[in-house]
Each structure stands twice: as structure tokens, then as C-alpha cells.
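Novice: Below is a structure I'd like to ask you about.
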Amino acid sequence: MGTENSVVRKHYVLVHGACHGAWSWYKVKPRLESAGHQVTVLDLAASGTNMKKIEDVDTFSQYSEPLLQLLATIPPNEKVVLVGHSLGGPNIALAMDIFPQKVAVGVFLAAFVPDLEHKPSYVIEKDLELAKTLIRPGSLFPEDLSQRKNFSKEGYGSVPRAFIVCTDDLGIPLKFQLWMIENAGINDMLEINGADHMAMLSKPQELCDSLQQIALKYA
């Protein structure tokens with residue numbers, strides 16, 4: 001326990017966006033692991049290799065269940081670096097709201113970032129045209145999200161939040177990324193120049209460096 005390596009070792013939990021799955025992190029996971037970190041990737045309900053059908057997933061909480069189940073198993077003395085890509089942003093926000101004590105920092109990678117003043121659906125509705133092009137039918141749960149209570153200051157709002165900007169993102173344009181950062185009151189912003197929407201595939205090493213930089217500060 002007292003070795004230098006155990007001090008710097010972090011646990012990253014990487015959450016994919018809509019239509020994607022755990023597979024989308026295949027370039028990032030081994031890089032973080034070779035740097036000595038623990039990395040967990042997962043498929044949300046009805047995503048990737050998860051066997052559920054989207055028709056059987058009625059709410060956003062059910063869609064997020066694999067992530068919530070994982071965080072429930074994290075020991076009380078451990079905090080993870082929770083990373084959400086794209087439409088995975090609301091998933092990690094929900095997890096931070098329920099388990100704030102288990103998350104050292106929430107990292108939004110070109111992701112939708114909820115705020116504390118509006119319903120969780122607010123930022124998605126602001127960019128609904130993009131959202132429609134990215135999702136499997138039903139995986140946005142706009143009605144469910146619009147009826148949920150705002151994320152709380154004591155939960156989601158109590159966890160440090162960082163945003164990784166992808167400058168060449170055509171899916172979530174730079175201007176909209178910057179608006180969300182301001183709207184949500186993000187603590188830290190890093191930029192990956194030349195990264196498109198799938199930074200984990202186009203700029204995996206730069207993404208790993210950014211994640212480790214954020215983790216070093218907060219975790």
C-alpha cells in the first residue's frame with residue numbers, strides 16, 4: 001500500500017455515448033492501464049453487447065443501471081474518475097448525483113453537461129437535432145428527463161467537474177461545447193486540438209494525457 005505506485009494509481013470509469021458501447025474506449029483503456037491505472041469500461045442498457053432491447057428500457061435510470069450498479073460496488077474509501085462521452089454526459093451526471101462521495105471528478109468529453117438550474121433534458125433539447133442523429137430509438141428518454149428533478153447541489157453539484165473540448169468536433173460544435181461549459185459552471189477545461197467528436201479514436205494519446213492531468217489534480 002505504501003509504494004509510490006499505489007499513490008498515483010487511479011480508477012477510471014469510462015462511459016460511452018448513445019449508439020456506442022464499451023468498445024469505443026479500446027484505444028484509451030490499454031494506454032491508461034500501461035500507465036499503471038485501473039480502468040473499467042461498461043455497456044449501458046441496450047448498448048454494445050448488453051443483451052437488453054431498447055424497447056424494454058423505459059427510463060433513463062434503467063438505461064444507466066449498469067453504471068449505477070458499478071458505482072454501488074465501489075468501496076466507501078475509494079473514489080473514481082468518472083468520464084462520460086457525448087450523450088454519456090447525463091449518465092455520469094446521474095451517477096454523480098446519487099453517489100457524489102464515490103466520484104473524485106466528473107469528466108465530460110465533448111459531452112452534454114446538465115446544470116443545476118434546469119431539468120436534465122435542458123441541454124439536450126437545446127441541441128436536439130444533433131441528438132436525433134446520434135441515438136438508437138428511445139435511448140434519449142426526453143420525456144423522462146424532462147420530468148426528473150433538477151440535479152442537486154448536494155449531489156451532482158458537489159463533485160468537481162472538468163470538460164475536455166474537442167476543437168474539430170462537427171457533432172457537438174465548439175461554440176456549443178463552450179456554451180455548455182459556461183452554462184454548467186465547469187471547474188476545469190482542457191482542449192484537444194484537432195480532435196473530432198470521437199477523440200478516443202482520433203486522438204487517444206492526447207486524451208489519455210488530458211485524463212491523467214485532470215486525475216492528478218482532483219483524484
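By order of appearance in the C-alpha cells: chains A, B, ..., then residues from 1 within every chain, and ligands from 1 in the order shown.
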Tell me which protein, DNA and RNA residues are within 6 Å of stretch 51-68 of chain A, counting only C-alpha atoms, leaving out same-chain ones fewer than 6 positions away, and put them as a count of residues only.

Specialist: 4

Novice: May I have a table of the residues of stretch 28-139 of chain A lying at most 8 Å from stretch 194-205 of chain A, giving each one's closest pair of atoms and their distance in Å to one decimal, counting only C-alpha atoms, ordered by chain and ascending residue number, as a Markdown table?

Specialist:
```
| residue | atom | partner | partner_atom | distance |
| --- | --- | --- | --- | --- |
| A:Val28 | CA | A:Pro204 | CA | 5.6 |
| A:Arg31 | CA | A:Gln205 | CA | 7.4 |
| A:Ser86 | CA | A:His197 | CA | 8.0 |
| A:Ala110 | CA | A:His197 | CA | 6.7 |
```

Novice: Enter the distance from atom CA of A:Glu191 to atom CA of A:Ala111, in Å, rounded to one decimal.

Specialist: 13.1 Å

Novice: Between A:Lys149, A:Lys27, A:Lys175, A:His11, which one has atoms that come closest to A:Tyr122, using only C-alpha atoms?

Specialist: A:Lys149

Novice: Just the alpha helix (DSSP H) stuff from stretch 40-176 of chain A, please, per backbone DSSP, written as a ChimeraX atom specification.

Specialist: /A:60-63,65-73,89-98,122-126,128-134,142-147,174-176

Novice: Here is a test: counting only C-alpha atoms, which residue of A:Leu87, A:Asn50, A:Pro120, A:Tyr12 is nearest to A:Ala219?

Specialist: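 For A:Ala219, the nearest of the given residues is A:Tyr12.
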
Novice: Mind the document's chain letters and residue numbers, and return as a list in words the residues of stretch 71-155 of chain A that DSSP labels strand (DSSP E).

Specialist: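 Output for stretch 71-155 of chain A, strand (DSSP E) only: Val80, Val81, Leu82, Val83, Gly84, His85, Val103, Ala104, Val105, Gly106, Val107, Phe108 and Leu109 of chain A.
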
Novice: Write to file, as a PDB file, in the first residue's frame, the residues of the selection just made, with C-alpha atoms.

Specialist:
```
ATOM      1  CA  VAL A  80     -13.278   7.042  -9.247  1.00  0.00           C
ATOM      2  CA  VAL A  81     -12.516   9.376 -12.129  1.00  0.00           C
ATOM      3  CA  LEU A  82     -15.822   9.226 -13.999  1.00  0.00           C
ATOM      4  CA  VAL A  83     -15.633  10.026 -17.721  1.00  0.00           C
ATOM      5  CA  GLY A  84     -18.654  10.476 -20.000  1.00  0.00           C
ATOM      6  CA  HIS A  85     -18.541  10.940 -23.770  1.00  0.00           C
ATOM      7  CA  VAL A 103     -16.573  10.310  -7.612  1.00  0.00           C
ATOM      8  CA  ALA A 104     -13.376  12.362  -7.345  1.00  0.00           C
ATOM      9  CA  VAL A 105     -14.105  14.262 -10.555  1.00  0.00           C
ATOM     10  CA  GLY A 106     -16.598  14.019 -13.402  1.00  0.00           C
ATOM     11  CA  VAL A 107     -15.026  14.494 -16.830  1.00  0.00           C
ATOM     12  CA  PHE A 108     -17.256  15.481 -19.748  1.00  0.00           C
ATOM     13  CA  LEU A 109     -15.600  14.589 -23.064  1.00  0.00           C
TER      14      LEU A 109
END
```

Novice: What is the distance, in Å and to one decimal place, between atom CA of A:Ile164 and atom CA of A:Leu178?

Specialist: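 So the two atoms, atom CA of A:Ile164 and atom CA of A:Leu178, lie 10.3 Å apart.
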
Novice: Contacts of A:Ser210 at 9 Å or less, counting only C-alpha atoms, minus same-chain residues fewer than 2 places along, as a count of residues only?

Specialist: 12

Novice: Enter the distance from atom CA of A:Ser152 to atom CA of A:Asp97, in Å, rounded to one decimal.

Specialist: 6.6 Å

Novice: Which one of A:Ala72, A:Ala18, A:Ala184, A:Ile172 sits closest to A:His118 if you count only C-alpha atoms?

Specialist: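 Ranking A:Ala72, A:Ala18, A:Ala184, A:Ile172 by distance to A:His118, first place goes to A:Ala184.
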